[in-house]
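Have a look at run30.csv below; it lists CSV, C-alpha atoms.
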chain,number,residue,atom,x,y,z
A,859,MET,CA,0.0,0.0,0.0
A,860,GLU,CA,1.6,3.2,-1.2
A,861,LYS,CA,0.9,6.2,1.1
A,862,ILE,CA,1.2,9.7,-0.2
A,863,LYS,CA,2.3,12.0,2.6
A,864,LEU,CA,1.6,15.7,2.6
A,865,LYS,CA,2.1,18.4,5.2
A,866,ASN,CA,-1.0,17.7,7.3
A,867,ALA,CA,-2.4,14.7,5.4
A,868,GLU,CA,-1.9,11.3,3.9
A,869,LEU,CA,-3.7,9.3,1.2
A,870,TRP,CA,-3.7,5.7,0.1
A,871,ILE,CA,-5.9,3.1,-1.6
A,872,GLU,CA,-7.4,0.4,0.5
A,873,ASP,CA,-10.2,-2.0,-0.7
A,874,ASP,CA,-10.5,0.0,-3.9
A,875,ILE,CA,-11.4,3.1,-1.9
A,876,CYS,CA,-9.3,6.3,-1.8
A,877,ILE,CA,-8.7,6.9,1.9
A,878,GLY,CA,-7.3,10.1,3.2
A,879,LYS,CA,-6.6,11.5,6.7
A,880,ILE,CA,-6.3,15.2,7.4
A,881,TRP,CA,-5.2,16.8,10.7
A,882,GLY,CA,-4.3,20.1,12.3
A,883,GLU,CA,-5.5,23.2,10.5
A,884,PRO,CA,-5.7,22.6,6.7
A,885,ASP,CA,-5.1,25.6,4.5
A,886,GLU,CA,-5.9,26.3,0.8
A,887,GLU,CA,-2.6,24.9,-0.4
A,888,LEU,CA,-3.1,21.6,1.4
A,889,VAL,CA,-6.7,21.2,0.2
A,890,LYS,CA,-5.7,21.7,-3.4
A,891,GLU,CA,-2.7,19.3,-3.2
A,892,PHE,CA,-4.9,16.7,-1.4
A,893,ALA,CA,-7.5,16.9,-4.1
A,894,LYS,CA,-4.9,16.6,-6.9
A,895,ARG,CA,-3.4,13.5,-5.2
A,896,ALA,CA,-6.8,12.0,-4.5
A,897,GLU,CA,-7.7,12.4,-8.2
A,898,GLU,CA,-4.5,10.6,-9.2
A,899,LEU,CA,-5.2,7.7,-6.8
A,900,LEU,CA,-8.9,7.4,-7.9
A,901,LYS,CA,-7.8,7.0,-11.5
A,902,LYS,CA,-6.0,3.8,-10.5
A,903,ILE,CA,-9.2,2.3,-9.1
A,904,PRO,CA,-11.3,0.3,-11.5
A,905,GLY,CA,-15.1,0.7,-11.5
A,906,LYS,CA,-16.9,2.8,-8.9
A,907,LYS,CA,-14.7,5.5,-7.2
A,908,TYR,CA,-15.3,6.3,-3.6
A,909,SER,CA,-13.4,8.7,-1.3
A,910,LEU,CA,-13.3,8.4,2.5
A,911,ILE,CA,-11.7,11.3,4.4
A,912,ASP,CA,-10.9,11.0,8.1
A,913,ILE,CA,-11.3,14.5,9.6
A,914,SER,CA,-11.1,13.3,13.2
A,915,ASP,CA,-8.0,15.3,14.0
A,916,VAL,CA,-8.8,18.5,12.2
A,917,ARG,CA,-8.9,21.4,14.7
A,918,LYS,CA,-10.2,24.0,12.3
A,919,ALA,CA,-10.0,24.9,8.6
A,920,THR,CA,-8.8,28.2,7.3
A,921,LEU,CA,-11.0,30.4,5.1
A,922,GLY,CA,-8.8,29.5,2.1
A,923,ALA,CA,-9.3,25.8,2.8
A,924,ARG,CA,-13.1,26.3,2.9
A,925,LYS,CA,-13.1,28.3,-0.3
A,926,ALA,CA,-10.8,25.8,-2.1
A,927,THR,CA,-13.1,22.9,-1.1
A,928,GLN,CA,-15.9,24.5,-3.0
A,929,ASN,CA,-13.9,24.3,-6.3
A,930,LEU,CA,-12.7,20.7,-6.1
A,931,PRO,CA,-12.8,18.6,-9.3
A,932,LEU,CA,-15.3,15.7,-8.9
A,933,VAL,CA,-14.0,12.3,-9.5
A,934,SER,CA,-15.6,10.3,-6.6
A,935,GLU,CA,-19.1,8.9,-6.9
A,936,LYS,CA,-19.6,9.1,-3.1
A,937,ILE,CA,-17.6,11.0,-0.5
A,938,ALA,CA,-17.6,10.0,3.2
A,939,LEU,CA,-16.3,12.2,5.9
A,940,VAL,CA,-15.4,10.3,9.1
A,941,TYR,CA,-15.3,12.0,12.5
A,942,LYS,CA,-14.4,10.4,15.8
A,943,ASN,CA,-15.0,13.4,18.1
A,944,PRO,CA,-17.5,16.2,18.5
A,945,LEU,CA,-15.3,19.0,17.2
A,946,ALA,CA,-14.6,17.1,14.0
A,947,LYS,CA,-18.4,16.5,13.6
A,948,VAL,CA,-19.0,20.2,13.9
A,949,ILE,CA,-16.4,21.0,11.3
A,950,GLY,CA,-17.7,18.2,9.0
A,951,SER,CA,-21.3,19.5,9.4
A,952,PHE,CA,-20.1,23.0,8.5
A,953,PHE,CA,-18.4,21.7,5.3
A,954,LEU,CA,-21.6,19.8,4.3
A,955,ARG,CA,-23.5,23.1,4.4
A,956,ILE,CA,-21.0,25.0,2.2
A,957,ILE,CA,-19.9,22.3,-0.2
A,958,LYS,CA,-21.9,22.2,-3.4
A,959,LEU,CA,-20.8,18.9,-5.1
A,960,LYS,CA,-22.7,16.7,-7.4
A,961,ALA,CA,-21.6,13.6,-5.6
A,962,PRO,CA,-23.4,12.5,-2.4
A,963,ILE,CA,-21.3,13.4,0.6
A,964,LYS,CA,-22.1,12.2,4.2
A,965,LEU,CA,-20.7,12.3,7.7
A,966,PHE,CA,-20.0,9.0,9.6
A,967,ALA,CA,-18.8,8.2,13.1
A,968,THR,CA,-16.8,5.2,11.9
A,969,ILE,CA,-14.9,4.0,8.9
A,970,GLU,CA,-17.0,0.8,8.9
A,971,GLU,CA,-20.3,2.8,8.6
A,972,ALA,CA,-18.8,4.8,5.6
A,973,LYS,CA,-17.7,1.6,3.8
A,974,LYS,CA,-21.1,0.1,4.3
A,975,TRP,CA,-22.7,3.2,2.7
A,976,PHE,CA,-20.4,2.8,-0.3
A,977,LYS,CA,-21.8,-0.7,-0.9
A,978,GLU,CA,-25.4,0.6,-0.9
A,979,LYS,CA,-26.9,1.4,-4.3

Output the file's structure in the form of structure tokens.
Amino acid sequence: MEKIKLKNAELWIEDDICIGKIWGEPDEELVKEFAKRAEELLKKIPGKKYSLIDISDVRKATLGARKATQNLPLVSEKIALVYKNPLAKVIGSFFLRIIKLKAPIKLFATIEEAKKWFKEK
């Protein structure tokens, strides 16, 4: 399993899902690089393309990060944000309100719940 390591994030493919983990205080530069690398990984996955992003350790996101998130290219058919603490859930809920993507995007408390959602039609 090849892991791509960025400043405050890492990405890899597992079970034909692009999995990412972001921590700290992501900025615009990180969001853009994360999206670019995720797109590269997703192109390696045959069939349906899903992204799972663990935001459990995100403390806050900069204004630049929030704006950059709105302009991300869409490669995934479904996007799951996983939180494991109340602060990450608040941040994730905020992103769900501002992100205008064509793909379904949902919050989950566990990775297992997110993977189960990916299997639903």

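What separates CA of Leu864 (chain A) from CA of Lys973 (chain A) is a distance of 23.9 Å.
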
Which is closer to Lys906 (chain A) than all the others in A:Ala926, A:Ala893, A:Glu935, A:Val940, using all atoms listed in the file?
A:Glu935

Between A:Lys918, A:Lys894, A:Lys901, A:Lys861, smallest distance to Val948 (chain A) by all atoms listed in the file belongs to A:Lys918

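Nearest to Asp873 (chain A) of all the residues A:Lys979, A:Lys907, A:Lys947, A:Lys890 is A:Lys907, counting all atoms listed in the file.
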
What does the distance between CA of Gly950 (chain A) and CA of Pro962 (chain A) come to in Å, to one decimal place?
14.0 Å

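Neighbouring residues of Ala919 (chain A) at 7 Å or closer, counting all atoms listed in the file and skipping chain neighbours under 4 positions away, are Glu883, Pro884, Asp885, Ala923 and Arg924 of chain A.
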
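The closest residue to Lys974 (chain A), picked from A:Leu945, A:Ile903, A:Ile875, A:Val933 and counting all atoms listed in the file, is A:Ile875.
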
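Between CA of Glu860 (chain A) and CA of Ser909 (chain A) lies a distance of 16.0 Å.
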
I'd like the neighbourhood of Ala967 (chain A) as a PDB file with C-alpha atoms, in the coordinates of the input, where a residue qualifies if any of its atoms comes within 10 Å (using all atoms listed in the file), though same-chain residues fewer than 5 positions away should be ignored.
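part20.pdb written:
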ATOM      1  CA  ASP A 912     -10.900  11.000   8.100  1.00  0.00           C
ATOM      2  CA  SER A 914     -11.100  13.300  13.200  1.00  0.00           C
ATOM      3  CA  LEU A 939     -16.300  12.200   5.900  1.00  0.00           C
ATOM      4  CA  VAL A 940     -15.400  10.300   9.100  1.00  0.00           C
ATOM      5  CA  TYR A 941     -15.300  12.000  12.500  1.00  0.00           C
ATOM      6  CA  LYS A 942     -14.400  10.400  15.800  1.00  0.00           C
ATOM      7  CA  ASN A 943     -15.000  13.400  18.100  1.00  0.00           C
ATOM      8  CA  PRO A 944     -17.500  16.200  18.500  1.00  0.00           C
ATOM      9  CA  ALA A 946     -14.600  17.100  14.000  1.00  0.00           C
ATOM     10  CA  LYS A 947     -18.400  16.500  13.600  1.00  0.00           C
ATOM     11  CA  ALA A 972     -18.800   4.800   5.600  1.00  0.00           C
TER      12      ALA A 972
END

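For the set A:Val916, A:Ile871, A:Leu921, A:Ile911, the residue with the smallest atom-to-atom gap to Phe966 (chain A) is A:Ile911, counting all atoms listed in the file.
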
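You can rank A:Asn866, A:Glu886, A:Asp915, A:Cys876 by their closest distance to Ile937 (chain A) using all atoms listed in the file, and at the top of that list sits A:Cys876.
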